[in-house]
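J.: Provided herewith: my_file_33.cif, mmCIF, C-alpha atoms.
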```cif
data_target
#
loop_
_atom_site.label_atom_id
_atom_site.label_comp_id
_atom_site.auth_asym_id
_atom_site.auth_seq_id
_atom_site.Cartn_x
_atom_site.Cartn_y
_atom_site.Cartn_z
CA MET A 1 0.00 0.00 0.00
CA LYS A 2 2.79 2.39 0.95
CA GLN A 3 4.58 1.57 -2.28
CA ARG A 4 1.44 2.35 -4.30
CA ILE A 5 0.99 5.68 -2.52
CA LEU A 6 4.65 6.50 -3.15
CA MET A 7 4.26 5.73 -6.86
CA ILE A 8 1.19 7.99 -7.07
CA ILE A 9 3.09 10.83 -5.39
CA VAL A 10 6.06 10.39 -7.73
CA THR A 11 3.74 10.36 -10.76
CA ILE A 12 2.01 13.55 -9.63
CA LEU A 13 5.36 15.26 -9.01
CA LEU A 14 6.74 14.20 -12.39
CA THR A 15 3.61 15.39 -14.15
CA ALA A 16 3.72 18.72 -12.35
CA CYS A 17 7.41 19.18 -13.11
CA SER A 18 6.98 18.37 -16.78
CA SER A 19 4.14 20.90 -17.17
CA ILE A 20 6.06 23.80 -15.70
CA PRO A 21 8.91 23.80 -18.27
CA LYS A 22 6.37 23.56 -21.10
CA GLU A 23 4.50 26.65 -19.89
CA ALA A 24 7.79 28.41 -19.32
CA ARG A 25 8.92 27.56 -22.83
CA VAL A 26 5.71 28.94 -24.34
CA GLN A 27 6.13 32.12 -22.32
CA ALA A 28 9.76 32.39 -23.38
CA VAL A 29 8.82 32.07 -27.04
CA ASN A 30 6.12 34.72 -26.72
CA THR A 31 8.56 37.00 -24.90
CA GLN A 32 11.08 36.62 -27.74
CA LYS A 33 8.41 37.43 -30.32
CA ASP A 34 7.23 40.48 -28.38
CA GLN A 35 10.79 41.76 -28.01
CA ALA A 36 11.45 41.20 -31.72
CA ALA A 37 8.38 43.30 -32.50
CA VAL A 38 9.73 46.04 -30.22
CA TYR A 39 13.04 46.03 -32.11
CA LEU A 40 11.17 46.24 -35.42
CA GLU A 41 9.27 49.29 -34.17
CA ARG A 42 12.49 50.91 -32.97
CA GLY A 43 14.00 50.24 -36.37
CA HIS A 44 11.04 51.90 -38.08
CA ARG A 45 11.50 55.03 -35.96
CA GLU A 46 15.20 55.24 -36.80
CA TYR A 47 14.45 54.60 -40.47
CA THR A 48 11.89 57.41 -40.55
CA TRP A 49 14.51 59.80 -39.17
CA ASP A 50 16.91 58.63 -41.94
CA ASN A 51 19.15 56.99 -39.33
CA TYR A 52 19.66 53.93 -41.51
CA GLU A 53 22.70 52.48 -39.73
CA SER A 54 20.84 52.54 -36.43
CA ALA A 55 17.75 51.10 -38.12
CA LEU A 56 19.84 48.21 -39.47
CA HIS A 57 21.06 47.45 -35.95
CA GLN A 58 17.50 47.32 -34.59
CA TYR A 59 16.25 45.19 -37.49
CA MET A 60 19.13 42.77 -37.01
CA ASN A 61 18.20 42.43 -33.33
CA ALA A 62 14.65 41.64 -34.41
CA PHE A 63 15.92 39.03 -36.87
CA THR A 64 18.17 37.39 -34.29
CA LEU A 65 15.39 37.08 -31.73
CA SER A 66 12.93 35.79 -34.34
CA SER A 67 15.47 33.22 -35.50
CA SER A 68 16.10 32.00 -31.96
CA VAL A 69 12.51 30.72 -31.73
CA ASP A 70 12.11 29.94 -35.45
CA TRP A 71 9.45 32.64 -35.81
CA GLN A 72 9.42 32.76 -39.59
CA GLU A 73 7.03 35.70 -39.92
CA GLY A 74 9.30 37.83 -37.73
CA MET A 75 12.34 36.67 -39.69
CA VAL A 76 10.76 37.62 -43.02
CA LYS A 77 9.65 41.04 -41.79
CA SER A 78 13.09 41.73 -40.34
CA LEU A 79 14.82 40.73 -43.58
CA VAL A 80 12.49 42.92 -45.65
CA HIS A 81 13.35 45.95 -43.54
CA LEU A 82 17.05 45.08 -43.44
CA SER A 83 16.90 45.06 -47.24
CA ARG A 84 15.10 48.41 -47.40
CA ALA A 85 17.51 50.14 -45.02
CA SER A 86 20.50 48.73 -46.93
CA ASP A 87 19.12 50.16 -50.17
CA ARG A 88 18.81 53.56 -48.50
CA MET A 89 22.49 53.30 -47.65
CA LYS A 90 23.18 52.54 -51.32
CA GLU A 91 24.30 49.01 -50.52
CA SER A 92 22.25 47.27 -53.19
CA VAL A 93 24.18 43.98 -53.03
CA ARG A 94 23.55 43.58 -49.32
CA ALA A 95 19.92 44.65 -49.85
CA LYS A 96 19.51 41.89 -52.47
CA ILE A 97 21.02 39.26 -50.15
CA TYR A 98 18.51 40.10 -47.40
CA LEU A 99 15.69 40.12 -49.95
CA ASP A 100 16.68 36.73 -51.37
CA GLN A 101 16.74 35.28 -47.86
CA ALA A 102 13.20 36.57 -47.28
CA VAL A 103 12.08 35.00 -50.57
CA ASP A 104 13.61 31.66 -49.55
CA LEU A 105 11.78 31.68 -46.22
CA MET A 106 8.47 32.35 -47.97
CA THR A 107 8.61 28.93 -49.65
CA GLU A 108 7.42 27.41 -46.35
CA ILE A 109 4.90 30.12 -45.43
CA GLU A 110 1.40 30.41 -46.85
CA SER A 111 0.46 34.03 -46.29
CA LEU A 112 -0.71 36.30 -49.09
CA GLU A 113 -0.12 39.39 -46.95
CA LEU A 114 3.45 38.40 -46.04
CA ASN A 115 4.19 37.37 -49.62
CA THR A 116 2.91 40.76 -50.80
CA LEU A 117 5.22 42.47 -48.31
CA VAL A 118 8.18 40.63 -49.86
CA LEU A 119 7.06 41.36 -53.42
CA ASN A 120 6.57 45.03 -52.59
CA ARG A 121 10.17 45.12 -51.30
CA LYS A 122 11.35 43.44 -54.49
CA THR A 123 9.50 46.10 -56.50
CA GLU A 124 11.24 48.78 -54.45
CA TRP A 125 14.60 47.10 -55.01
CA PHE A 126 14.14 47.36 -58.77
CA LEU A 127 13.23 51.03 -58.38
CA PHE A 128 16.17 51.77 -56.05
CA ASN A 129 18.51 50.17 -58.56
CA ASP A 130 17.37 52.18 -61.57
CA THR A 131 15.12 49.63 -63.23
CA PRO A 132 11.67 51.24 -62.92
CA LYS A 133 10.26 49.27 -65.87
CA SER A 134 11.02 45.99 -64.09
CA ALA A 135 9.50 47.46 -60.94
CA LEU A 136 6.31 48.33 -62.80
CA GLN A 137 6.10 44.86 -64.37
CA LEU A 138 6.39 43.18 -60.97
CA ASN A 139 3.81 45.57 -59.54
CA ASP A 140 1.45 44.54 -62.37
CA ASP A 141 1.76 40.93 -61.17
CA VAL A 142 1.17 41.87 -57.53
CA LEU A 143 -1.96 43.79 -58.50
CA LYS A 144 -3.53 40.57 -59.79
CA ASN A 145 -4.22 39.54 -56.18
CA ILE A 146 -5.15 43.00 -54.90
CA ASP A 147 -8.81 42.13 -54.25
CA LYS A 148 -7.76 39.24 -51.98
CA LEU A 149 -5.77 41.54 -49.69
CA LYS A 150 -7.56 42.88 -46.63
CA GLY A 151 -4.95 44.78 -44.64
CA GLU A 152 -2.57 47.68 -45.12
CA GLU A 153 -0.68 45.76 -47.79
CA ALA A 154 -3.34 46.58 -50.40
CA GLY A 155 -2.78 50.30 -50.06
CA GLU A 156 0.98 49.72 -50.05
CA VAL A 157 0.78 48.00 -53.45
CA TRP A 158 -0.91 51.06 -54.96
CA ARG A 159 1.36 53.46 -53.10
CA ILE A 160 4.49 51.77 -54.44
CA ARG A 161 2.98 51.85 -57.91
CA ALA A 162 2.50 55.61 -57.55
CA VAL A 163 6.15 56.05 -56.52
CA VAL A 164 7.34 53.97 -59.48
CA LEU A 165 5.20 55.96 -61.92
CA LYS A 166 6.40 59.19 -60.34
CA ALA A 167 10.00 58.10 -60.96
CA MET A 168 9.03 57.43 -64.58
CA LYS A 169 7.51 60.95 -64.70
CA ASP A 170 4.07 59.56 -65.57
CA TYR A 171 2.36 61.90 -63.15
CA ASP A 172 -1.21 61.36 -64.37
CA GLN A 173 -1.00 57.60 -63.81
CA ALA A 174 0.83 58.15 -60.52
CA LEU A 175 -2.08 60.26 -59.28
CA ILE A 176 -4.54 57.53 -60.28
CA ALA A 177 -2.50 54.98 -58.33
CA ILE A 178 -2.23 57.10 -55.18
CA GLU A 179 -5.97 57.77 -55.25
CA LYS A 180 -6.45 53.99 -55.23
CA ALA A 181 -4.17 53.78 -52.19
CA LEU A 182 -6.14 56.52 -50.46
CA GLU A 183 -9.39 54.71 -51.16
CA ARG A 184 -8.09 51.49 -49.61
CA ASP A 185 -6.51 53.15 -46.58
CA GLN A 186 -9.55 55.31 -45.88
CA LYS A 187 -11.75 52.22 -45.77
CA GLY A 188 -9.42 50.60 -43.25
CA ASN A 189 -8.78 53.89 -41.41
CA TYR A 190 -5.04 53.24 -41.58
CA LEU A 191 -3.89 56.65 -40.38
CA SER A 192 -0.15 56.19 -40.81
CA GLU A 193 -0.64 54.91 -44.35
CA LEU A 194 -3.01 57.78 -45.13
CA ALA A 195 -0.34 60.25 -44.06
CA SER A 196 2.07 58.60 -46.51
CA ASP A 197 -0.57 58.62 -49.25
CA TYR A 198 -1.26 62.33 -48.88
CA TYR A 199 2.47 63.09 -48.76
CA ILE A 200 3.15 61.24 -52.01
CA ARG A 201 0.05 62.77 -53.58
CA ALA A 202 1.33 66.23 -52.65
CA SER A 203 4.72 65.45 -54.19
CA VAL A 204 3.18 64.28 -57.47
CA LEU A 205 0.83 67.28 -57.61
CA SER A 206 3.76 69.62 -57.07
CA LEU A 207 5.74 67.97 -59.85
CA SER A 208 2.66 68.41 -62.04
CA GLY A 209 2.67 72.16 -61.36
CA ARG A 210 -0.47 72.02 -59.20
CA GLU A 211 1.00 73.73 -56.15
CA GLU A 212 -2.23 74.83 -54.45
CA GLU A 213 -3.58 71.28 -54.51
CA ALA A 214 -0.19 70.01 -53.40
CA ALA A 215 -0.23 72.30 -50.35
CA ILE A 216 -3.71 71.06 -49.40
CA SER A 217 -2.65 67.42 -49.71
CA MET A 218 0.50 68.03 -47.66
CA THR A 219 -1.64 69.71 -44.98
CA TYR A 220 -3.78 66.56 -44.84
CA ALA A 221 -0.60 64.50 -44.37
CA LEU A 222 0.44 66.84 -41.55
CA GLU A 223 -2.95 66.47 -39.85
CA LYS A 224 -2.73 62.67 -39.92
CA ASP A 225 0.84 62.60 -38.63
CA LYS A 226 -0.07 64.99 -35.81
CA PHE A 227 -3.04 62.85 -34.85
CA ILE A 228 -0.89 59.73 -34.48
CA GLU A 229 1.98 61.77 -32.98
CA ASN A 230 4.42 60.74 -35.69
CA THR A 231 7.19 63.25 -34.99
CA PRO A 232 9.43 62.36 -37.97
CA GLY A 233 6.40 62.56 -40.27
CA ILE A 234 5.42 65.95 -38.87
CA ALA A 235 8.92 67.32 -39.51
CA GLN A 236 8.89 65.90 -43.04
CA ASP A 237 5.43 67.31 -43.83
CA LEU A 238 6.41 70.78 -42.63
CA TYR A 239 9.56 70.65 -44.72
CA GLY A 240 7.45 69.55 -47.70
CA LEU A 241 5.12 72.51 -47.26
CA GLY A 242 8.18 74.77 -47.17
CA LEU A 243 9.37 73.34 -50.49
CA ILE A 244 5.97 73.85 -52.10
CA TYR A 245 5.76 77.52 -51.08
CA GLU A 246 9.41 78.11 -51.99
CA LYS A 247 8.67 76.75 -55.47
CA ILE A 248 5.97 79.36 -56.11
CA GLY A 249 8.09 82.18 -54.67
CA GLU A 250 6.27 82.63 -51.37
CA ASN A 251 9.47 82.77 -49.36
CA GLU A 252 7.90 84.12 -46.17
CA LYS A 253 5.54 81.14 -45.97
CA ALA A 254 8.32 78.77 -46.97
CA ASN A 255 10.55 80.13 -44.22
CA HIS A 256 7.70 79.75 -41.74
CA TYR A 257 7.34 76.02 -42.46
CA PHE A 258 11.09 75.38 -42.60
CA GLN A 259 11.40 76.98 -39.17
CA ARG A 260 8.61 74.81 -37.77
CA SER A 261 10.25 71.70 -39.20
CA TYR A 262 13.49 72.75 -37.53
CA LEU A 263 11.80 73.29 -34.16
CA VAL A 264 10.05 69.91 -34.32
CA GLN A 265 13.38 68.20 -34.89
CA LYS A 266 15.12 70.13 -32.13
CA GLY A 267 12.18 69.35 -29.84
CA ALA A 268 12.75 65.67 -30.58
CA ASN A 269 16.36 66.11 -29.41
CA ARG A 270 17.80 65.62 -32.86
CA ASN A 271 21.32 66.92 -32.99
CA ASP A 272 21.84 65.95 -36.63
CA ILE A 273 19.48 68.44 -38.29
CA PRO A 274 19.56 67.72 -42.05
CA GLU A 275 21.92 70.02 -43.92
CA LYS A 276 19.31 70.59 -46.62
CA LEU A 277 16.98 72.14 -44.02
CA LEU A 278 19.71 74.32 -42.49
CA GLU A 279 20.65 75.54 -45.97
CA LYS A 280 17.03 76.46 -46.70
CA LEU A 281 16.79 78.49 -43.51
CA GLN A 282 20.08 80.27 -44.20
CA ASN A 283 19.44 80.99 -47.87
CA LEU A 284 15.88 82.33 -47.75
CA GLU A 285 15.29 86.06 -47.44
CA ASN A 286 16.45 87.44 -44.07
CA GLY A 287 17.64 84.00 -42.97
CA SER A 288 16.11 82.42 -39.87
CA PRO A 289 16.23 83.70 -36.31
CA TRP A 290 15.89 80.13 -35.05
CA ILE A 291 19.31 78.92 -36.16
CA LYS A 292 21.45 81.91 -35.12
CA ASP A 293 22.12 80.34 -31.74
CA THR A 294 21.38 76.63 -31.80
CA ASP A 295 22.99 76.20 -28.38
CA ALA A 296 19.98 78.01 -26.92
CA PHE A 297 17.83 74.95 -27.51
#
```
Would you mind writing the file's structure down as structure tokens?
T.:
Amino acid sequence: MKQRILMIIVTILLTACSSIPKEARVQAVNTQKDQAAVYLERGHREYTWDNYESALHQYMNAFTLSSSVDWQEGMVKSLVHLSRASDRMKESVRAKIYLDQAVDLMTEIESLELNTLVLNRKTEWFLFNDTPKSALQLNDDVLKNIDKLKGEEAGEVWRIRAVVLKAMKDYDQALIAIEKALERDQKGNYLSELASDYYIRASVLSLSGREEEAAISMTYALEKDKFIENTPGIAQDLYGLGLIYEKIGENEKANHYFQRSYLVQKGANRNDIPEKLLEKLQNLENGSPWIKDTDAF
């Protein structure tokens, strides 16, 4: 009898002990995934500020953590953004290596949204490397599945198409594409994507000589970025408004927006204010009172 009781106790203890590591392992995996997502978000912030080297570091951290638990979705997303940041640093070979690795991983993943993310990056790679016709051809293929997409990726497909057509100086078709992106993103109420849509729309309108419409569209982008507290986007939108008004000779207004862009960046504790912005403030009529003593900030 004692032996039977002892066996029961041992069985209960073994069962209890075996269940604890399993729960711990699940929690550890989830923790790794959550931390990888945090690194991705940090990378996005650095990327938006044009800090591409720092963005690469964050994306690599995300990839390493995702790899450690074989989280393929996280690995693919990290590789896509590693590729994009590398292209921004004009390292097209490294960008292609990361992209190819993402493509290889997709052979075991059935996800239209994730596959679209990879194809969108491939389209961008063609554009970054001076082959816009190839980019447009690939985008044509991606568009064949556009009605099956339900998330932000659908708007991204149209937005990338608009950027490609803009690079090809086909502004009329670029405007059609960005309107399609706006339509998709408005339905989903994707505020960050809408800000990007309006920004690109403003850029295309300005290149088309439609400055008043461009200023309105850029103001919409600014409103969206303010609503979601996207500081880098706010600074970029203000700079864009400055460029639009500078183009039509309204230097006082241009200076006003350049100054606001400067203050946003200083308020975000950016010490590396873009030279292009500092030059605008120095070259416009009467210069800028805000940059005479930068140590005051």
J.: Write out as a ChimeraX atom specification each polymer residue whose atoms come within 9 Å of Ala154 (chain A), counting all atoms listed in the file; drop sequence neighbours fewer than 3 positions from it.
T.: /A:113,116,143,146-151,157-159,181,184-185
J.: So which residues touch Ala162 (chain A) within 8 Å, counting only C-alpha atoms, skipping near sequence neighbours fewer than 2 positions away, as a list in words?
T.: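 That gives Trp158, Arg159, Ile160, Val164, Leu165, Lys166, Gln173, Ala174, Leu175, Ile176, Ala177, Ile178 and Ile200 of chain A.
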J.: Evaluate the PyMOL selection byres ((chain A and resi 134-142) around 8) against this structure - the residues, as a list in words, please.
T.: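 For this structure, the PyMOL selection byres ((chain A and resi 134-142) around 8) resolves to Thr116, Leu119, Asn120, Lys122, Thr123, Glu124, Trp125, Phe126, Leu127, Thr131, Pro132, Lys133, Leu143, Lys144, Asn145, Ile146, Val157, Arg161, Val164 and Leu165 of chain A.
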J.: Would you mind telling me which residue in A:Asn30, A:Asn51, A:Gln186, A:Ser66 lies nearest to Arg270 (chain A) when using only C-alpha atoms?
T.: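 Counting only C-alpha atoms, the residue closest to Arg270 (chain A) is A:Asn51.
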J.: Return the single residue from A:Tyr239, A:Tyr98, A:Tyr198, A:Tyr59 that is closest to Arg42 (chain A), with distances computed using only C-alpha atoms.
T.: A:Tyr59
J.: Residues near Leu79 (chain A), anyone? I mean within 10 Å using only C-alpha atoms, not counting same-chain ones fewer than 4 positions away, as number ranges by chain.
T.: A: 56, 59-60, 62-63, 73-75, 83-85, 95, 97-103, 105, 118
J.: Would you translate the PyMOL selection byres ((chain A and resi 212-224) around 10) into the concrete set of residues it matches in this file, as an NGL selection string?
T.: :A and (190-211 or 225-230 or 233-245 or 248)
J.: Which residues match the PyMOL selection byres ((chain A and resi 259) around 10) in the file above, as a PyMOL selection string?
T.: chain A and resi 235+238-239+242+253-258+260-265+277-278+280-281+288-291
J.: Check the smallest atom-to-atom distance from each of A:Leu82, A:Met89, A:Val76, A:Ala36 to Ser111 (chain A) using only C-alpha atoms, then report the winner.
T.: A:Val76
J.: Report, in Å to a single decimal, how far apart CA of Glu152 (chain A) and CA of Glu91 (chain A) are.
T.: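 Computing it gives 27.4 Å between the two atoms.
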J.: When you count only C-alpha atoms, which of these residues is closest to Asp34 (chain A): A:Phe128, A:Tyr52, A:Trp71, A:Tyr47?
T.: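 Closest to Asp34 (chain A) of all the choices is A:Trp71.
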J.: What is the distance, in Å and to one decimal place, between CA of Ser68 (chain A) and CA of His44 (chain A)?
T.: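 Taking CA of Ser68 (chain A) as the start and CA of His44 (chain A) as the end point, the length is 21.4 Å.
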J.: Have a look at CA of His81 (chain A) and CA of Asp50 (chain A) and let me know their distance in Å, one decimal.
T.: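 CA of His81 (chain A) sits 13.3 Å away from CA of Asp50 (chain A).
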J.: Find, counting all atoms listed in the file, the residue in A:His57, A:Ala167, A:Lys180, A:Asn129 that gets nearest to Val93 (chain A).
T.: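 Of the candidates, the smallest distance to Val93 (chain A) is held by A:Asn129.
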